[in-house]
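Student: Next up, structure.tsv (TSV, C-alpha atoms).
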chain	number	residue	atom	x	y	z
U	1	MET	CA	13.91	-22.25	-9.54
U	2	GLN	CA	10.38	-23.31	-10.43
U	3	GLN	CA	8.55	-20.33	-11.88
U	4	LEU	CA	5.06	-19.13	-11.02
U	5	LYS	CA	3.15	-18.35	-14.19
U	6	THR	CA	1.52	-15.01	-13.52
U	7	GLY	CA	-1.34	-13.03	-15.03
U	8	LEU	CA	-2.15	-9.33	-14.61
U	9	LEU	CA	-5.72	-8.07	-14.80
U	10	SER	CA	-4.73	-4.78	-16.42
U	11	TYR	CA	-1.74	-3.09	-18.01
U	12	GLY	CA	-2.25	0.53	-17.10
U	13	MET	CA	0.07	2.44	-14.78
U	14	SER	CA	-0.14	-0.14	-12.00
U	15	GLY	CA	0.67	-3.12	-14.19
U	16	LYS	CA	3.32	-1.39	-16.26
U	17	VAL	CA	5.08	0.39	-13.38
U	18	PHE	CA	4.60	-1.52	-10.15
U	19	HIS	CA	4.19	-5.15	-11.19
U	20	ALA	CA	5.57	-6.18	-14.58
U	21	PRO	CA	9.15	-4.87	-14.02
U	22	PHE	CA	9.55	-6.85	-10.80
U	23	LEU	CA	7.91	-9.97	-12.22
U	24	ALA	CA	10.43	-9.76	-15.06
U	25	LEU	CA	13.31	-9.24	-12.64
U	26	HIS	CA	12.52	-12.04	-10.20
U	27	PRO	CA	13.57	-15.51	-11.46
U	28	GLY	CA	10.63	-17.12	-9.68
U	29	PHE	CA	7.95	-15.43	-11.79
U	30	GLU	CA	6.99	-15.59	-15.43
U	31	LEU	CA	4.52	-13.01	-16.69
U	32	VAL	CA	2.52	-14.99	-19.23
U	33	SER	CA	-0.78	-13.14	-19.74
U	34	VAL	CA	-2.54	-9.82	-19.25
U	35	TRP	CA	-6.22	-8.95	-19.54
U	36	GLU	CA	-6.41	-5.94	-21.86
U	37	ARG	CA	-9.91	-4.65	-22.54
U	38	SER	CA	-9.26	-2.11	-25.32
U	39	SER	CA	-5.70	-0.90	-25.90
U	40	LYS	CA	-3.23	-3.72	-26.48
U	41	ASN	CA	0.07	-2.49	-25.06
U	42	VAL	CA	1.75	-5.24	-23.09
U	43	GLN	CA	3.45	-6.85	-26.10
U	44	ASN	CA	5.24	-3.58	-26.84
U	45	ASP	CA	7.20	-4.18	-23.64
U	46	TYR	CA	6.95	-7.96	-23.29
U	47	PRO	CA	6.42	-9.55	-26.72
U	48	GLN	CA	6.10	-13.07	-25.29
U	49	VAL	CA	3.12	-12.18	-23.06
U	50	LYS	CA	-0.37	-13.10	-24.24
U	51	SER	CA	-3.01	-10.37	-24.30
U	52	CYS	CA	-6.37	-11.80	-23.22
U	53	ASP	CA	-9.75	-10.35	-24.17
U	54	SER	CA	-11.59	-11.52	-21.05
U	55	LEU	CA	-11.04	-12.59	-17.47
U	56	GLU	CA	-12.46	-16.00	-18.31
U	57	GLU	CA	-9.84	-16.50	-21.03
U	58	LEU	CA	-7.06	-15.65	-18.60
U	59	LEU	CA	-8.42	-17.84	-15.78
U	60	SER	CA	-8.85	-20.83	-18.09
U	61	SER	CA	-5.12	-20.86	-18.83
U	62	ASP	CA	-2.43	-22.55	-16.74
U	63	VAL	CA	-1.49	-19.43	-14.72
U	64	ASP	CA	-0.58	-20.03	-11.07
U	65	LEU	CA	-0.92	-16.47	-9.78
U	66	ILE	CA	-3.35	-13.67	-10.57
U	67	ILE	CA	-2.65	-10.03	-9.71
U	68	VAL	CA	-5.88	-8.05	-9.35
U	69	ASN	CA	-4.77	-4.52	-10.19
U	70	THR	CA	-8.09	-3.12	-11.39
U	71	PRO	CA	-10.28	-0.41	-9.75
U	72	VAL	CA	-11.14	-1.10	-6.11
U	73	TYR	CA	-14.85	-1.71	-6.71
U	74	THR	CA	-13.93	-4.70	-8.92
U	75	HIS	CA	-11.45	-6.31	-6.50
U	76	PHE	CA	-13.90	-8.57	-4.71
U	77	GLU	CA	-15.54	-9.94	-7.85
U	78	TYR	CA	-12.31	-10.61	-9.73
U	79	ALA	CA	-10.37	-11.96	-6.75
U	80	LYS	CA	-13.22	-14.30	-5.87
U	81	LYS	CA	-13.33	-15.70	-9.40
U	82	ALA	CA	-9.56	-16.22	-9.36
U	83	ILE	CA	-9.62	-18.00	-6.00
U	84	LEU	CA	-12.50	-20.23	-7.10
U	85	ALA	CA	-10.38	-21.12	-10.16
U	86	GLY	CA	-7.67	-22.34	-7.78
U	87	LYS	CA	-5.22	-19.50	-8.39
U	88	HIS	CA	-3.01	-17.73	-5.87
U	89	VAL	CA	-4.04	-14.08	-5.73
U	90	VAL	CA	-2.47	-10.68	-5.05
U	91	VAL	CA	-4.97	-7.82	-4.68
U	92	GLU	CA	-3.95	-4.18	-5.07
U	93	LYS	CA	-4.83	-1.72	-2.32
U	94	ALA	CA	-7.39	-1.01	-1.10
U	95	PHE	CA	-7.98	-4.71	-0.55
U	96	THR	CA	-11.75	-4.51	-1.08
U	97	ALA	CA	-14.60	-2.02	-0.76
U	98	THR	CA	-15.87	-3.43	2.57
U	99	VAL	CA	-14.77	-5.49	5.55
U	100	ALA	CA	-17.34	-8.15	4.69
U	101	GLU	CA	-15.85	-8.61	1.22
U	102	ALA	CA	-12.32	-8.85	2.65
U	103	GLU	CA	-13.37	-11.46	5.19
U	104	GLU	CA	-15.17	-13.53	2.55
U	105	LEU	CA	-12.09	-13.60	0.30
U	106	HIS	CA	-9.89	-14.61	3.24
U	107	GLU	CA	-12.19	-17.48	4.21
U	108	LEU	CA	-12.51	-18.62	0.60
U	109	ALA	CA	-8.72	-18.64	0.12
U	110	ILE	CA	-8.33	-20.82	3.21
U	111	ARG	CA	-10.92	-23.28	1.89
U	112	LYS	CA	-9.33	-23.40	-1.55
U	113	LYS	CA	-5.81	-23.64	-0.01
U	114	VAL	CA	-4.38	-20.77	-2.05
U	115	THR	CA	-2.23	-17.82	-1.02
U	116	LEU	CA	-3.97	-14.44	-0.81
U	117	SER	CA	-1.95	-11.25	-0.33
U	118	VAL	CA	-2.55	-7.50	-0.48
U	119	PHE	CA	-0.10	-5.39	-2.47
U	120	GLN	CA	0.88	-2.80	0.15
U	121	ASN	CA	4.13	-1.90	-1.56
U	122	ARG	CA	4.69	1.24	0.53
U	123	ARG	CA	6.04	-0.93	3.34
U	124	TRP	CA	9.11	-1.24	1.10
U	125	ASP	CA	9.55	2.50	0.51
U	126	SER	CA	12.92	3.85	1.62
U	127	ASP	CA	11.40	6.49	3.88
U	128	PHE	CA	9.15	4.05	5.70
U	129	LYS	CA	11.86	1.41	6.05
U	130	THR	CA	14.01	4.04	7.77
U	131	VAL	CA	11.16	5.07	10.09
U	132	GLU	CA	10.56	1.42	10.92
U	133	ASP	CA	14.24	0.90	11.73
U	134	ILE	CA	14.29	3.87	14.10
U	135	TYR	CA	11.12	2.68	15.83
U	136	ARG	CA	12.04	-1.02	16.12
U	137	LYS	CA	15.45	-0.16	17.61
U	138	ASN	CA	13.80	2.09	20.24
U	139	ILE	CA	16.25	4.89	19.40
U	140	ILE	CA	13.83	7.62	20.50
U	141	GLY	CA	12.34	5.72	23.44
U	142	ASP	CA	8.70	4.85	24.06
U	143	ILE	CA	6.43	6.55	21.54
U	144	VAL	CA	4.28	9.42	22.79
U	145	GLU	CA	2.84	10.50	19.46
U	146	ALA	CA	3.34	9.94	15.75
U	147	GLU	CA	2.06	11.40	12.49
U	148	ILE	CA	2.02	9.97	8.98
U	149	HIS	CA	1.05	12.22	6.06
U	150	PHE	CA	0.46	11.42	2.40
U	151	ASP	CA	-0.06	14.94	1.07
U	152	ARG	CA	-0.09	16.26	-2.48
U	153	TYR	CA	-0.86	19.44	-4.36
U	154	ASN	CA	-3.25	18.30	-7.06
U	155	PRO	CA	-6.42	20.40	-7.19
U	156	LYS	CA	-7.56	19.03	-10.55
U	157	LEU	CA	-9.73	15.96	-10.83
U	158	SER	CA	-7.98	12.78	-11.94
U	159	PRO	CA	-8.32	11.81	-15.62
U	160	LYS	CA	-8.91	8.26	-14.38
U	161	GLN	CA	-12.70	8.27	-14.28
U	162	HIS	CA	-13.05	5.43	-11.77
U	163	LYS	CA	-11.20	7.54	-9.19
U	164	GLU	CA	-13.61	10.46	-9.45
U	165	VAL	CA	-16.97	8.68	-9.70
U	166	ALA	CA	-18.77	8.02	-6.43
U	167	ASN	CA	-18.62	4.27	-5.99
U	168	SER	CA	-17.74	1.78	-3.25
U	169	GLY	CA	-14.02	1.97	-3.98
U	170	SER	CA	-13.30	5.62	-4.75
U	171	GLY	CA	-11.91	8.42	-2.60
U	172	VAL	CA	-8.58	9.29	-1.03
U	173	LEU	CA	-9.33	7.31	2.15
U	174	ARG	CA	-9.22	4.04	0.21
U	175	ASP	CA	-6.48	5.22	-2.14
U	176	LEU	CA	-3.64	6.99	-0.32
U	177	GLY	CA	-5.28	6.30	3.02
U	178	SER	CA	-4.94	2.55	2.72
U	179	HIS	CA	-1.14	2.98	2.46
U	180	ILE	CA	-0.63	4.98	5.63
U	181	ILE	CA	-3.25	3.05	7.59
U	182	ASP	CA	-1.37	-0.14	6.74
U	183	GLN	CA	1.93	1.46	7.75
U	184	ALA	CA	0.51	2.59	11.10
U	185	LEU	CA	-0.95	-0.84	11.86
U	186	TYR	CA	2.29	-2.55	10.79
U	187	LEU	CA	4.31	-0.38	13.18
U	188	PHE	CA	2.00	0.09	16.13
U	189	GLY	CA	-0.62	-2.66	15.98
U	190	PHE	CA	-4.39	-2.28	16.09
U	191	PRO	CA	-5.72	0.72	18.06
U	192	ASP	CA	-8.44	0.78	20.71
U	193	GLU	CA	-10.41	3.70	19.26
U	194	LEU	CA	-10.34	6.26	16.47
U	195	PHE	CA	-11.78	9.61	15.48
U	196	ALA	CA	-11.97	10.75	11.86
U	197	ASP	CA	-12.79	13.87	9.88
U	198	ILE	CA	-13.29	13.26	6.13
U	199	ARG	CA	-13.97	16.02	3.61
U	200	ILE	CA	-14.36	17.00	-0.04
U	201	THR	CA	-12.21	20.04	-0.79
U	202	ARG	CA	-11.84	20.20	-4.58
U	203	GLU	CA	-14.43	22.02	-6.67
U	204	GLU	CA	-16.70	19.64	-8.57
U	205	SER	CA	-15.35	16.61	-6.71
U	206	VAL	CA	-17.90	14.02	-5.54
U	207	VAL	CA	-15.41	11.80	-3.67
U	208	ASP	CA	-13.49	12.40	-0.44
U	209	ASP	CA	-10.10	14.02	-1.01
U	210	TRP	CA	-9.02	14.98	2.53
U	211	PHE	CA	-8.97	13.16	5.85
U	212	ASP	CA	-7.59	13.47	9.35
U	213	ILE	CA	-7.72	10.32	11.49
U	214	THR	CA	-6.51	9.92	15.05
U	215	LEU	CA	-5.79	6.39	16.26
U	216	PHE	CA	-6.00	5.97	20.04
U	217	TYR	CA	-3.58	3.54	21.72
U	218	PRO	CA	-3.34	3.09	25.49
U	219	LYS	CA	-0.15	5.14	25.87
U	220	PHE	CA	0.16	7.15	22.65
U	221	ARG	CA	-1.69	8.61	19.68
U	222	VAL	CA	-1.11	8.30	15.93
U	223	ARG	CA	-2.43	10.86	13.46
U	224	LEU	CA	-2.97	10.04	9.78
U	225	LYS	CA	-3.56	12.80	7.20
U	226	ALA	CA	-3.90	13.18	3.44
U	227	GLY	CA	-5.05	16.01	1.22
U	228	PHE	CA	-4.72	17.46	-2.27
U	229	PHE	CA	-4.11	21.12	-1.35
U	230	VAL	CA	-0.69	20.85	0.27
U	231	ARG	CA	1.68	22.86	-1.90
U	232	GLU	CA	4.30	23.07	0.87
U	233	PRO	CA	4.11	19.71	2.65
U	234	LEU	CA	4.94	19.01	6.24
U	235	PRO	CA	7.23	16.06	7.01
U	236	SER	CA	5.54	12.82	6.05
U	237	TYR	CA	6.71	10.99	9.17
U	238	VAL	CA	6.93	12.53	12.63
U	239	LEU	CA	7.76	10.35	15.64
U	240	HIS	CA	8.15	11.75	19.15
U	241	GLY	CA	9.38	9.43	21.87
U	242	LYS	CA	10.28	9.94	25.52
U	243	ILE	CA	13.97	10.57	24.75
U	244	GLY	CA	13.91	11.91	21.21
U	245	SER	CA	12.27	12.64	17.87
U	246	PHE	CA	12.65	11.54	14.27
U	247	ILE	CA	11.39	13.63	11.36
U	248	LYS	CA	11.37	12.37	7.76
U	249	SER	CA	10.02	13.70	4.47
U	250	ARG	CA	8.60	11.40	1.82
U	251	GLY	CA	11.59	10.64	-0.35
U	252	ASP	CA	11.29	7.22	-1.98
U	253	VAL	CA	12.41	7.40	-5.61
U	254	GLN	CA	11.08	4.08	-6.92
U	255	GLU	CA	7.79	5.26	-8.42
U	256	ASP	CA	9.40	8.17	-10.29
U	257	ASP	CA	12.25	5.97	-11.51
U	258	LEU	CA	9.87	3.28	-12.71
U	259	LYS	CA	7.65	5.82	-14.49
U	260	ALA	CA	10.80	7.15	-16.19
U	261	GLY	CA	11.45	3.68	-17.56
U	262	LYS	CA	14.34	2.71	-15.33
U	263	ILE	CA	14.78	-1.03	-14.90
U	264	PRO	CA	14.74	-2.16	-11.26
U	265	MET	CA	17.58	-4.21	-9.82
U	266	VAL	CA	17.91	-6.59	-6.90
U	267	ASN	CA	20.67	-4.40	-5.44
U	268	ASP	CA	21.65	-0.76	-5.91
U	269	TRP	CA	18.03	0.34	-6.26
U	270	GLY	CA	15.71	2.67	-4.37
U	271	LYS	CA	18.38	4.97	-2.96
U	272	GLU	CA	17.16	8.39	-1.89
U	273	PRO	CA	19.19	11.56	-2.49
U	274	GLN	CA	21.22	12.41	0.60
U	275	TYR	CA	19.51	15.78	1.04
U	276	LYS	CA	16.25	13.96	1.84
U	277	SER	CA	17.71	12.28	4.92
U	278	GLY	CA	15.60	12.40	8.05
U	279	VAL	CA	16.56	14.29	11.22
U	280	LEU	CA	17.21	12.30	14.40
U	281	HIS	CA	17.30	14.28	17.65
U	282	THR	CA	17.70	11.96	20.63
U	283	GLU	CA	19.89	10.82	23.50
U	284	ILE	CA	22.38	7.98	23.04
U	285	GLU	CA	24.29	6.70	26.09
U	286	GLY	CA	23.66	9.93	27.94
U	287	VAL	CA	24.73	12.20	25.08
U	288	VAL	CA	22.21	14.35	23.18
U	289	VAL	CA	22.69	14.06	19.43
U	290	ARG	CA	21.05	15.80	16.49
U	291	GLU	CA	22.05	14.45	13.11
U	292	ASN	CA	20.86	13.49	9.66
U	293	MET	CA	19.99	9.81	9.55
U	294	PRO	CA	21.05	7.89	6.41
U	295	THR	CA	18.04	6.49	4.58
U	296	ILE	CA	17.70	2.74	4.10
U	297	PRO	CA	17.15	1.90	0.39
U	298	GLY	CA	13.69	0.77	-0.62
U	299	ASN	CA	12.93	-2.06	-3.02
U	300	TYR	CA	9.55	-3.47	-4.08
U	301	TYR	CA	11.44	-6.56	-5.24
U	302	ASP	CA	11.45	-7.71	-1.62
U	303	TYR	CA	7.64	-7.93	-1.63
U	304	PHE	CA	7.70	-10.21	-4.66
U	305	ASP	CA	10.52	-12.31	-3.22
U	306	GLN	CA	8.60	-12.83	0.02
U	307	LEU	CA	5.47	-13.61	-1.97
U	308	TYR	CA	7.32	-16.29	-3.93
U	309	GLN	CA	8.68	-17.83	-0.72
U	310	SER	CA	5.21	-17.82	0.84
U	311	ILE	CA	3.71	-19.71	-2.11
U	312	LYS	CA	6.54	-22.14	-2.74
U	313	LYS	CA	7.92	-22.65	0.77
U	314	LYS	CA	4.92	-21.76	2.94
U	315	SER	CA	6.78	-18.91	4.66
U	316	PRO	CA	4.72	-15.96	5.99
U	317	VAL	CA	2.76	-13.96	3.42
U	318	PRO	CA	4.37	-10.50	3.02
U	319	VAL	CA	1.05	-8.68	3.49
U	320	SER	CA	-1.64	-11.09	4.57
U	321	ALA	CA	-5.39	-11.03	4.01
U	322	GLU	CA	-5.70	-10.50	7.77
U	323	ASP	CA	-3.64	-7.32	7.35
U	324	GLY	CA	-5.99	-6.21	4.60
U	325	ILE	CA	-9.04	-6.91	6.76
U	326	LYS	CA	-7.64	-4.75	9.56
U	327	THR	CA	-7.05	-1.85	7.17
U	328	MET	CA	-10.62	-2.15	5.92
U	329	ARG	CA	-11.88	-2.12	9.50
U	330	ILE	CA	-10.08	1.17	10.11
U	331	ILE	CA	-11.54	2.63	6.90
U	332	GLU	CA	-15.10	1.62	7.78
U	333	ALA	CA	-14.72	2.85	11.36
U	334	ALA	CA	-13.34	6.17	10.06
U	335	GLU	CA	-16.36	6.60	7.80
U	336	LEU	CA	-18.68	5.86	10.73
U	337	SER	CA	-16.81	8.29	12.97
U	338	ASN	CA	-17.06	11.02	10.35
U	339	LYS	CA	-20.77	10.37	9.86
U	340	GLU	CA	-21.64	10.31	13.57
U	341	LYS	CA	-19.04	12.91	14.64
U	342	LYS	CA	-17.80	10.76	17.50
U	343	THR	CA	-14.99	8.48	18.62
U	344	ILE	CA	-15.48	4.85	17.58
U	345	LYS	CA	-14.41	1.98	19.83
U	346	LEU	CA	-12.69	-0.87	17.99
U	347	TRP	CA	-12.56	-4.56	18.78
U	348	SER	CA	-9.29	-6.42	18.34
Is it possible to express this structure as structure tokens?
Tutor:
Amino acid sequence: MQQLKTGLLSYGMSGKVFHAPFLALHPGFELVSVWERSSKNVQNDYPQVKSCDSLEELLSSDVDLIIVNTPVYTHFEYAKKAILAGKHVVVEKAFTATVAEAEELHELAIRKKVTLSVFQNRRWDSDFKTVEDIYRKNIIGDIVEAEIHFDRYNPKLSPKQHKEVANSGSGVLRDLGSHIIDQALYLFGFPDELFADIRITREESVVDDWFDITLFYPKFRVRLKAGFFVREPLPSYVLHGKIGSFIKSRGDVQEDDLKAGKIPMVNDWGKEPQYKSGVLHTEIEGVVVRENMPTIPGNYYDYFDQLYQSIKKKSPVPVSAEDGIKTMRIIEAAELSNKEKKTIKLWS
């Protein structure tokens, strides 16, 4: 298998936890360089990897793929430089700070004939994969309403300064919000309208840390919520259809396992504890059933495998730039709705 030489643009939590372990696991990737601005840590884990002092040093090397895993406000600048250097690019969520930036990167990648993808890894969470399976199989009938929550109890400001300084990429809407917006669009498609309420709830915070967005579809509604004062969370996924319901808590174990230093595997990975199983209450062949639904294992490896196939074999990109643009359109429309206190019509 011909390997893609890969460079990371940082080796903080994102690089160490979400990217490097899967690049090391997949035979199609070789992590060869990381841009480290101050602390030099990558060689403690991967001695063969070069630590670069600048983006220019990394881009001038023979890397094939660049992963832009820096703060959101830098995504456009760094991704653009990588694309202009002829590199394939993966950009962490949120894709960019604005729709205009996302569209420019997409058009530039087409002109330069390189692959551009957004790292929306939560599509490969165990909880979401199970929700998707229930929905795609029409087990609860036509959807009437759905909710997706990404709630936490974390009243203190983040020690990561870029997350708490008011800039074009900060705030929970672009952070956790980009995950559940992407999940909603992946399941249900692009809505006709939306209404959003966005707030600051933590003392001394200057960035949004709570939101409630309703997506309007012709025959159903989808509600998206996130906040930092949810000590006793509601189910993260609630689907009500015309013959049944499915309720599921957030239960994916991958992030915690990776932070604990566990090495991911192609198989036997991402299995939730049985007690976190979702509840299915529906009608099957005329019989009403209420039972715990086994959770499908999650695995971020599948994103990287699909990415490799898209670059080497021109198969579909796992999360395309078009997907990223649509998420940014929802974010910008939500901000406009919150500002004007009205429903915003969307164009498809």
Student: For segment 325-338 of chain U, work out the shell of residues within 10 Å, counting only C-alpha atoms and skipping chain neighbours fewer than 6 positions away, then give it as an mmCIF file with C-alpha atoms, keeping the file's coordinate frame.
Tutor:
data_model
loop_
_atom_site.group_PDB
_atom_site.id
_atom_site.type_symbol
_atom_site.label_atom_id
_atom_site.label_comp_id
_atom_site.auth_asym_id
_atom_site.auth_seq_id
_atom_site.Cartn_x
_atom_site.Cartn_y
_atom_site.Cartn_z
ATOM 1 C CA LYS U 93 -4.830 -1.720 -2.320
ATOM 2 C CA ALA U 94 -7.390 -1.010 -1.100
ATOM 3 C CA PHE U 95 -7.980 -4.710 -0.550
ATOM 4 C CA THR U 96 -11.750 -4.510 -1.080
ATOM 5 C CA ALA U 97 -14.600 -2.020 -0.760
ATOM 6 C CA THR U 98 -15.870 -3.430 2.570
ATOM 7 C CA VAL U 99 -14.770 -5.490 5.550
ATOM 8 C CA ALA U 100 -17.340 -8.150 4.690
ATOM 9 C CA GLU U 101 -15.850 -8.610 1.220
ATOM 10 C CA ALA U 102 -12.320 -8.850 2.650
ATOM 11 C CA GLU U 103 -13.370 -11.460 5.190
ATOM 12 C CA GLU U 104 -15.170 -13.530 2.550
ATOM 13 C CA LEU U 105 -12.090 -13.600 0.300
ATOM 14 C CA HIS U 106 -9.890 -14.610 3.240
ATOM 15 C CA VAL U 118 -2.550 -7.500 -0.480
ATOM 16 C CA LEU U 173 -9.330 7.310 2.150
ATOM 17 C CA ARG U 174 -9.220 4.040 0.210
ATOM 18 C CA GLY U 177 -5.280 6.300 3.020
ATOM 19 C CA SER U 178 -4.940 2.550 2.720
ATOM 20 C CA HIS U 179 -1.140 2.980 2.460
ATOM 21 C CA ILE U 180 -0.630 4.980 5.630
ATOM 22 C CA ILE U 181 -3.250 3.050 7.590
ATOM 23 C CA ASP U 182 -1.370 -0.140 6.740
ATOM 24 C CA GLN U 183 1.930 1.460 7.750
ATOM 25 C CA ALA U 184 0.510 2.590 11.100
ATOM 26 C CA LEU U 185 -0.950 -0.840 11.860
ATOM 27 C CA GLY U 189 -0.620 -2.660 15.980
ATOM 28 C CA PHE U 190 -4.390 -2.280 16.090
ATOM 29 C CA PRO U 191 -5.720 0.720 18.060
ATOM 30 C CA GLU U 193 -10.410 3.700 19.260
ATOM 31 C CA LEU U 194 -10.340 6.260 16.470
ATOM 32 C CA PHE U 195 -11.780 9.610 15.480
ATOM 33 C CA ALA U 196 -11.970 10.750 11.860
ATOM 34 C CA ASP U 197 -12.790 13.870 9.880
ATOM 35 C CA ILE U 198 -13.290 13.260 6.130
ATOM 36 C CA ARG U 199 -13.970 16.020 3.610
ATOM 37 C CA PHE U 211 -8.970 13.160 5.850
ATOM 38 C CA ASP U 212 -7.590 13.470 9.350
ATOM 39 C CA ILE U 213 -7.720 10.320 11.490
ATOM 40 C CA THR U 214 -6.510 9.920 15.050
ATOM 41 C CA LEU U 215 -5.790 6.390 16.260
ATOM 42 C CA ILE U 344 -15.480 4.850 17.580
ATOM 43 C CA LYS U 345 -14.410 1.980 19.830
ATOM 44 C CA LEU U 346 -12.690 -0.870 17.990
ATOM 45 C CA TRP U 347 -12.560 -4.560 18.780
ATOM 46 C CA SER U 348 -9.290 -6.420 18.340
#
Student: With all atoms listed in the file as the counted atoms, please give the residues lying no more than 6 Å from segment 223-228 of chain U, apart from itself and same-chain residues fewer than 2 positions off, as a list in words.
Tutor: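 Answer for this query is Glu147, Ile148, His149, Phe150, Asp151, Arg152, Tyr153, Asn154, Pro155, Asp209, Trp210, Phe211, Asp212, Ile213, Thr214 and Val230 of chain U.
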Student: Given the point (17.1, 4.0, 20.1) in the coordinates of this file, which residues lie within 12 Å, counting all atoms listed in the file, and how would they look as a PyMOL selection string?
Tutor: chain U and resi 131-143+240-246+280-286+288-289
Student: I'd like the contact shell of Gly270 of chain U - 8 Å cut-off, all atoms listed in the file, skipping same-chain residues fewer than 4 positions apart - returned as a ChimeraX atom specification.
Tutor: /U:125-126,252-254,297-299
Student: Considering only C-alpha atoms, state which residue in the set U:Val222, U:Val266, U:Ala146, U:Ile311 is at the smallest distance from Ile247 of chain U.
Tutor: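 Ranking U:Val222, U:Val266, U:Ala146, U:Ile311 by distance to Ile247 of chain U, first place goes to U:Ala146.
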Student: Pick from U:Ser236, U:Gln306, U:Asn121, U:Ser168: nearest to His26 of chain U, with all atoms listed in the file counted?
Tutor: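 Using all atoms listed in the file, His26 of chain U sits closest to U:Gln306.
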Student: To one decimal place in Å, what is the distance between atom CA of Thr115 of chain U and atom CA of Ser310 of chain U?
Tutor: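 Result for atom CA of Thr115 of chain U versus atom CA of Ser310 of chain U: 7.7 Å, one decimal.
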Student: Could you check how far atom CA of Val89 of chain U sits from atom CA of Ser117 of chain U, in Å to one decimal?
Tutor: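 Distance reported for this atom pair: 6.4 Å.
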Student: Tell me which of U:Ala20, U:Leu9, U:Leu187, U:Ile296 sits closest to Glu36 of chain U, counting all atoms listed in the file.
Tutor: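 Ranking U:Ala20, U:Leu9, U:Leu187, U:Ile296 by distance to Glu36 of chain U, first place goes to U:Leu9.
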